[in-house]
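A.B. asks: Once you've had a glance at the structure underneath, I'll fire off some questions.
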There are 4 protein chains.
Amino acid sequence: MSVPPSDSLDQLRVRLAQFASARDWDQFHTPKNLAMALAGEAGELLEHFQWLTPEQSGSLSPDKHRQVAHELADILIYLIRLADKLEVDLVLTAWDKIALNEARYPAERVRGDARRAEEYG
Amino acid sequence: MSVPPSDSLDQLRVRLAQFASARDWDQFHTPKNLAMALAGEAGELLEHFQWLTPEQSGSLSPDKHRQVAHELADILIYLIRLADKLEVDLVLTAWDKIALNEARYPAERVRGDARRAEEYG
Amino acid sequence: MSVPPSDSLDQLRVRLAQFASARDWDQFHTPKNLAMALAGEAGELLEHFQWLTPEQSGSLSPDKHRQVAHELADILIYLIRLADKLEVDLVLTAWDKIALNEARYPAERVRGDARRAEEYG
Amino acid sequence: MSVPPSDSLDQLRVRLAQFASARDWDQFHTPKNLAMALAGEAGELLEHFQWLTPEQSGSLSPDKHRQVAHELADILIYLIRLADKLEVDLVLTAWDKIALNEARYPAERVRGDARRAEEYG
């Protein structure tokens, strides 16, 4: 396209598509494989937190914080790639989901209560 | 802040913080718990693809496509919340990671080859 | 106990409890943390398979096969620890689940069809 | 075989192979797909624990306990299927891994310390 994308996610999407194309990696980037890669990164994220107390998880050392930030970036990267391959607009769909969650979890009803929606009577 | 955020991720970040605050859910949104929630959503994503061939995973039915899009939105939502709690700039860190990946996987060396970086001699 | 356990899972359960106790690790082995550790290992397992074709996943190199076997062992170890902490009899519950699956997926109805149970009309 | 298996895991392995064969599901049970299914179940396990305090995770309600037990059974079932397909002896490999962990985490050195092995200097 002649006009560069103006939004951060879209800029990343374009750059990541170029990255894969330059390496002939689109053949590996099926939605199935990208879902696995994303979940693998989510597993790495867990490993950073698994033995920490809730409190410790909120006050990471600078080194650990940097490692965790990179895991988050890896997850975002695969999420953008997967949405691109499926032609999903991540931002629009997130706003849709927030509207659904507003209806499922009315603030006055679930205040201070984290039970899952299906557990409400 | 008086000036509304202009970027899509930042707009979502602000909205999600309001959503949690209105429900008194920040007490549950420790980085440890948010990492678990994100990984749980990644698990749901996997379930949509687990029995599909690579080809089938690229041509989902409209109903399945909509469900998968919502899983991607859930992952984005928890990712934004977790980055917010850890004060990580997702977009900047993703660009950092892409630069690292450029160095780790030179295009001319890894073309058409999906082995992981640590497996290169 | 004076009589050693005769079944393989029970022998592992006893040994793993000793291993944790000798390191004063029971304080970390809450069900929540063990669930995270198990899911983290499942994420490592995924990473071995994410870029492979279905066919390649069935003919691993000896080195890769050994690595995957160790991931499976890690998952079994955390599964046994978690079941021990929750006082779940893994084997009995697996037989229960198989009986449930027999009822949910009658052989004559689902032959050659991998759709999930909830997708059947 | 003419002699039925005497160990609990082996009995389950034989039963699960029959279950898949009767449904013509071996075509779906590639190692790649089974790894995804296992990780999907690990994600469901996480969802039960994600908003609980460490203490709450050790005192589940009877209903929640039953649900979690079934998740553990699902994980065991896919673990056994995957090991069967890869011809991995889960029990022998778990004992190998315990011996490795004994060497990596000497009790006198790591007592009360849950940092991961690679983080030790």
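Following the order of the structure tokens, first chain is A, next is B, and so on, with residues numbered from 1 inside each chain and ligands from 1 in the order they appear.
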Can you list every residue of chain A that has an atom at most 10 Å from chain D, with its nearest atom pair and the distance in Å to one decimal, using only C-alpha atoms, ordered by chain then number, as a tab-separated table?
C.D. replies:
```
residue	atom	partner	partner_atom	distance
A:Lys32	CA	D:Met36	CA	9.6
A:Asn33	CA	D:Lys32	CA	9.8
A:Ala35	CA	D:Met36	CA	9.4
A:Met36	CA	D:Met36	CA	7.2
A:Ala39	CA	D:Ala39	CA	8.2
A:Gly40	CA	D:Ala39	CA	9.1
A:Gly43	CA	D:Ala39	CA	9.3
A:Glu47	CA	D:Arg116	CA	9.1
A:His48	CA	D:Arg116	CA	9.2
A:Gln50	CA	D:Ala114	CA	9.5
A:Trp51	CA	D:Ala114	CA	6.5
A:Leu52	CA	D:Ala114	CA	8.7
A:Thr53	CA	D:Pro54	CA	8.1
A:Pro54	CA	D:Thr53	CA	8.1
A:Asp113	CA	D:Trp51	CA	9.5
A:Ala114	CA	D:Trp51	CA	6.4
A:Arg115	CA	D:Trp51	CA	7.7
A:Arg116	CA	D:Glu47	CA	9.0
```
A.B. asks: Take the selection from the previous step and output its residues with all heavy atoms, as a compact mmCIF listing (two decimals), in the first residue's frame.
C.D. replies:
```txt
# COMPACT_ATOMS: atom_id res chain seq x y z
N LYS A 32 -3.17 -23.35 12.65
CA LYS A 32 -2.93 -24.41 13.65
C LYS A 32 -1.54 -24.26 14.29
O LYS A 32 -1.40 -24.29 15.51
CB LYS A 32 -3.06 -25.77 12.96
CG LYS A 32 -2.87 -26.98 13.87
CD LYS A 32 -2.97 -28.28 13.06
CE LYS A 32 -2.75 -29.51 13.91
NZ LYS A 32 -3.99 -30.26 14.17
N ASN A 33 -0.54 -24.09 13.45
CA ASN A 33 0.82 -23.99 13.97
C ASN A 33 1.03 -22.71 14.77
O ASN A 33 1.72 -22.71 15.80
CB ASN A 33 1.84 -24.05 12.81
CG ASN A 33 1.93 -25.43 12.20
OD1 ASN A 33 1.23 -26.36 12.61
ND2 ASN A 33 2.79 -25.57 11.19
N ALA A 35 -1.26 -21.11 16.44
CA ALA A 35 -1.94 -21.29 17.73
C ALA A 35 -1.05 -22.06 18.70
O ALA A 35 -0.97 -21.75 19.89
CB ALA A 35 -3.27 -22.02 17.54
N MET A 36 -0.35 -23.08 18.18
CA MET A 36 0.57 -23.84 19.03
C MET A 36 1.73 -22.98 19.51
O MET A 36 2.14 -23.05 20.67
CB MET A 36 1.14 -25.04 18.25
CG MET A 36 0.12 -26.09 17.90
SD MET A 36 0.86 -27.47 16.97
CE MET A 36 1.66 -28.40 18.30
N ALA A 39 0.55 -20.65 22.21
CA ALA A 39 0.35 -21.36 23.48
C ALA A 39 1.68 -21.78 24.10
O ALA A 39 1.83 -21.81 25.33
CB ALA A 39 -0.56 -22.57 23.27
N GLY A 40 2.65 -22.11 23.27
CA GLY A 40 3.98 -22.43 23.79
C GLY A 40 4.60 -21.23 24.50
O GLY A 40 5.19 -21.36 25.57
N GLY A 43 3.05 -20.76 27.79
CA GLY A 43 3.65 -21.70 28.75
C GLY A 43 4.95 -21.16 29.32
O GLY A 43 5.23 -21.30 30.52
N GLU A 47 6.00 -20.16 33.37
CA GLU A 47 7.16 -20.65 34.12
C GLU A 47 7.84 -19.55 34.93
O GLU A 47 8.44 -19.83 35.97
CB GLU A 47 8.13 -21.33 33.15
CG GLU A 47 7.53 -22.60 32.54
CD GLU A 47 8.45 -23.34 31.59
OE1 GLU A 47 9.50 -22.77 31.21
OE2 GLU A 47 8.12 -24.48 31.22
N HIS A 48 7.73 -18.32 34.44
CA HIS A 48 8.32 -17.22 35.21
C HIS A 48 7.58 -16.96 36.52
O HIS A 48 8.15 -16.43 37.47
CB HIS A 48 8.31 -15.94 34.37
CG HIS A 48 9.32 -15.95 33.29
ND1 HIS A 48 10.67 -15.79 33.51
CD2 HIS A 48 9.20 -16.13 31.95
CE1 HIS A 48 11.32 -15.84 32.36
NE2 HIS A 48 10.45 -16.05 31.40
N GLN A 50 5.42 -19.35 38.18
CA GLN A 50 4.79 -20.49 38.84
C GLN A 50 5.11 -20.65 40.33
O GLN A 50 4.27 -21.10 41.09
CB GLN A 50 5.08 -21.78 38.07
CG GLN A 50 6.54 -22.19 38.04
CD GLN A 50 6.81 -23.21 36.92
OE1 GLN A 50 6.00 -23.39 36.02
NE2 GLN A 50 7.94 -23.88 36.99
N TRP A 51 6.31 -20.30 40.74
CA TRP A 51 6.63 -20.48 42.16
C TRP A 51 6.56 -19.17 42.96
O TRP A 51 6.90 -19.14 44.14
CB TRP A 51 8.02 -21.11 42.33
CG TRP A 51 8.24 -22.37 41.57
CD1 TRP A 51 9.24 -22.64 40.70
CD2 TRP A 51 7.42 -23.56 41.59
NE1 TRP A 51 9.11 -23.90 40.17
CE2 TRP A 51 8.00 -24.49 40.71
CE3 TRP A 51 6.25 -23.93 42.28
CZ2 TRP A 51 7.45 -25.75 40.48
CZ3 TRP A 51 5.70 -25.19 42.05
CH2 TRP A 51 6.31 -26.09 41.16
N LEU A 52 6.15 -18.09 42.32
CA LEU A 52 6.09 -16.81 43.01
C LEU A 52 4.78 -16.66 43.78
O LEU A 52 3.74 -17.16 43.36
CB LEU A 52 6.19 -15.65 42.01
CG LEU A 52 7.42 -15.60 41.11
CD1 LEU A 52 7.42 -14.30 40.31
CD2 LEU A 52 8.71 -15.73 41.92
N THR A 53 4.83 -15.95 44.90
CA THR A 53 3.59 -15.57 45.55
C THR A 53 2.91 -14.50 44.68
O THR A 53 3.57 -13.87 43.84
CB THR A 53 3.85 -14.96 46.94
OG1 THR A 53 4.60 -13.76 46.77
CG2 THR A 53 4.63 -15.93 47.83
N PRO A 54 1.60 -14.29 44.89
CA PRO A 54 0.94 -13.21 44.15
C PRO A 54 1.69 -11.89 44.32
O PRO A 54 1.85 -11.13 43.36
CB PRO A 54 -0.46 -13.17 44.78
CG PRO A 54 -0.69 -14.56 45.28
CD PRO A 54 0.65 -15.05 45.73
N ASP A 113 -16.00 -10.10 43.08
CA ASP A 113 -16.25 -11.53 42.97
C ASP A 113 -15.68 -12.02 41.64
O ASP A 113 -16.09 -11.55 40.58
CB ASP A 113 -17.76 -11.77 43.02
CG ASP A 113 -18.12 -13.25 43.07
OD1 ASP A 113 -17.29 -14.10 42.69
OD2 ASP A 113 -19.24 -13.54 43.49
N ALA A 114 -14.79 -12.97 41.68
CA ALA A 114 -14.10 -13.37 40.45
C ALA A 114 -14.60 -14.68 39.88
O ALA A 114 -13.97 -15.24 39.00
CB ALA A 114 -12.60 -13.46 40.70
N ARG A 115 -15.70 -15.19 40.39
CA ARG A 115 -16.17 -16.46 39.83
C ARG A 115 -16.47 -16.33 38.34
O ARG A 115 -16.83 -15.26 37.86
CB ARG A 115 -17.44 -16.92 40.57
CG ARG A 115 -17.12 -17.51 41.92
CD ARG A 115 -18.41 -17.84 42.63
NE ARG A 115 -19.18 -16.64 42.89
CZ ARG A 115 -20.45 -16.65 43.26
NH1 ARG A 115 -21.09 -17.79 43.40
NH2 ARG A 115 -21.09 -15.52 43.47
N ARG A 116 -16.33 -17.39 37.65
CA ARG A 116 -16.55 -17.35 36.21
C ARG A 116 -18.03 -17.20 35.90
O ARG A 116 -18.89 -17.63 36.67
CB ARG A 116 -15.99 -18.60 35.55
CG ARG A 116 -14.47 -18.71 35.76
CD ARG A 116 -13.88 -19.77 34.89
NE ARG A 116 -14.34 -21.10 35.28
CZ ARG A 116 -14.05 -22.19 34.60
NH1 ARG A 116 -13.33 -22.11 33.50
NH2 ARG A 116 -14.45 -23.37 35.01
```
A.B. asks: Leaving out stretch 8-15 of chain D and any residue of its chain fewer than 4 positions from it, which residues lie within 10 Å of it when counting only C-alpha atoms, given as a tab-separated table (two decimals) with C-alpha atoms, in the first residue's frame?
C.D. replies:
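Writing the result to part_20.tsv gives the following:
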```tsv
chain	number	residue	atom	x	y	z
C	7	ASP	CA	1.81	-50.01	41.42
C	8	SER	CA	4.02	-47.81	39.27
C	9	LEU	CA	2.08	-44.54	39.78
C	10	ASP	CA	1.93	-45.05	43.52
C	90	LEU	CA	-5.74	-40.52	39.06
C	91	VAL	CA	-6.32	-44.07	37.87
C	92	LEU	CA	-9.83	-44.43	39.24
C	94	ALA	CA	-9.40	-41.89	34.46
C	95	TRP	CA	-11.56	-45.03	34.36
C	98	ILE	CA	-13.43	-43.29	30.02
D	4	PRO	CA	-3.46	-58.94	30.70
D	19	PHE	CA	-11.35	-46.77	22.51
D	20	ALA	CA	-9.62	-44.90	19.67
D	21	SER	CA	-9.54	-47.90	17.36
D	76	LEU	CA	-3.53	-38.42	32.07
D	77	ILE	CA	-5.56	-39.90	29.22
D	78	TYR	CA	-3.88	-37.76	26.55
D	79	LEU	CA	-0.49	-38.28	28.18
D	80	ILE	CA	-0.89	-42.05	28.00
D	81	ARG	CA	-2.11	-41.88	24.39
D	82	LEU	CA	0.79	-39.67	23.35
D	83	ALA	CA	3.36	-41.86	25.10
D	84	ASP	CA	1.80	-44.91	23.45
D	89	ASP	CA	7.70	-45.76	28.65
D	90	LEU	CA	6.29	-43.03	30.90
D	91	VAL	CA	7.21	-44.68	34.18
```
A.B. asks: Can you pull out the residues contacting A:Gly112? Cut-off 10 Å, using only C-alpha atoms, and skip same-chain residues under 2 positions away; I want them as a list in words.
C.D. replies: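 Here the answer would be Ala107, Glu108, Arg109, Val110, Ala114 and Arg115 of chain A; Ala20, Ser21, Ala22, Arg23, Asp24, Trp25, Asp26, Gln27 and Phe28 of chain B.
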A.B. asks: So that I can check the surroundings of C:Leu100, please list as a compact mmCIF listing (two decimals) with all heavy atoms, in the first residue's frame every protein, DNA and RNA residue that reaches within 12 Å of it, counting only C-alpha atoms and ignoring chain neighbours fewer than 6 positions away.
C.D. replies:
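Result file follows (result_36.txt):
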```txt
# COMPACT_ATOMS: atom_id res chain seq x y z
N THR C 93 -10.10 -42.11 38.57
CA THR C 93 -10.80 -41.03 37.89
C THR C 93 -10.68 -41.17 36.38
O THR C 93 -11.61 -40.84 35.63
CB THR C 93 -10.27 -39.66 38.35
OG1 THR C 93 -10.16 -39.66 39.78
CG2 THR C 93 -11.18 -38.53 37.92
N ALA C 94 -9.54 -41.67 35.90
CA ALA C 94 -9.40 -41.89 34.46
C ALA C 94 -10.39 -42.95 33.99
O ALA C 94 -11.01 -42.80 32.92
CB ALA C 94 -7.96 -42.30 34.13
N PRO C 106 -20.60 -42.49 21.39
CA PRO C 106 -20.85 -43.89 21.01
C PRO C 106 -20.09 -44.23 19.73
O PRO C 106 -20.10 -43.45 18.77
CB PRO C 106 -22.37 -43.92 20.76
CG PRO C 106 -22.90 -42.68 21.41
CD PRO C 106 -21.81 -41.67 21.35
N ALA C 117 -17.62 -33.13 21.46
CA ALA C 117 -18.95 -33.61 21.89
C ALA C 117 -20.00 -32.53 21.81
O ALA C 117 -21.12 -32.76 21.35
CB ALA C 117 -18.85 -34.14 23.31
N HIS D 70 -11.52 -34.44 37.15
CA HIS D 70 -11.78 -34.85 35.76
C HIS D 70 -10.79 -34.21 34.79
O HIS D 70 -10.40 -34.82 33.80
CB HIS D 70 -13.23 -34.56 35.37
CG HIS D 70 -14.16 -35.63 35.83
ND1 HIS D 70 -15.36 -35.91 35.23
CD2 HIS D 70 -14.05 -36.54 36.84
CE1 HIS D 70 -15.95 -36.91 35.84
NE2 HIS D 70 -15.19 -37.31 36.82
N ALA D 73 -7.74 -36.27 35.00
CA ALA D 73 -7.93 -37.53 34.27
C ALA D 73 -7.78 -37.30 32.76
O ALA D 73 -7.17 -38.11 32.06
CB ALA D 73 -9.31 -38.12 34.58
N ASP D 74 -8.33 -36.20 32.27
CA ASP D 74 -8.19 -35.90 30.84
C ASP D 74 -6.72 -35.75 30.45
O ASP D 74 -6.29 -36.21 29.39
CB ASP D 74 -8.94 -34.61 30.50
CG ASP D 74 -10.44 -34.78 30.45
OD1 ASP D 74 -10.90 -35.90 30.17
OD2 ASP D 74 -11.17 -33.80 30.71
```
A.B. asks: Check the DSSP output for the backbone and give back, as a ChimeraX atom specification, the residues of chain B in alpha helix (DSSP H).
C.D. replies: /B:8-22,31-49,62-86,90-104,107-110
A.B. asks: Please indicate the distance in Å from atom CA of A:Gly58 to atom CA of B:Val88, rounded to one decimal place.
C.D. replies: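 About the pair atom CA of A:Gly58 and atom CA of B:Val88: they are 12.3 Å apart.
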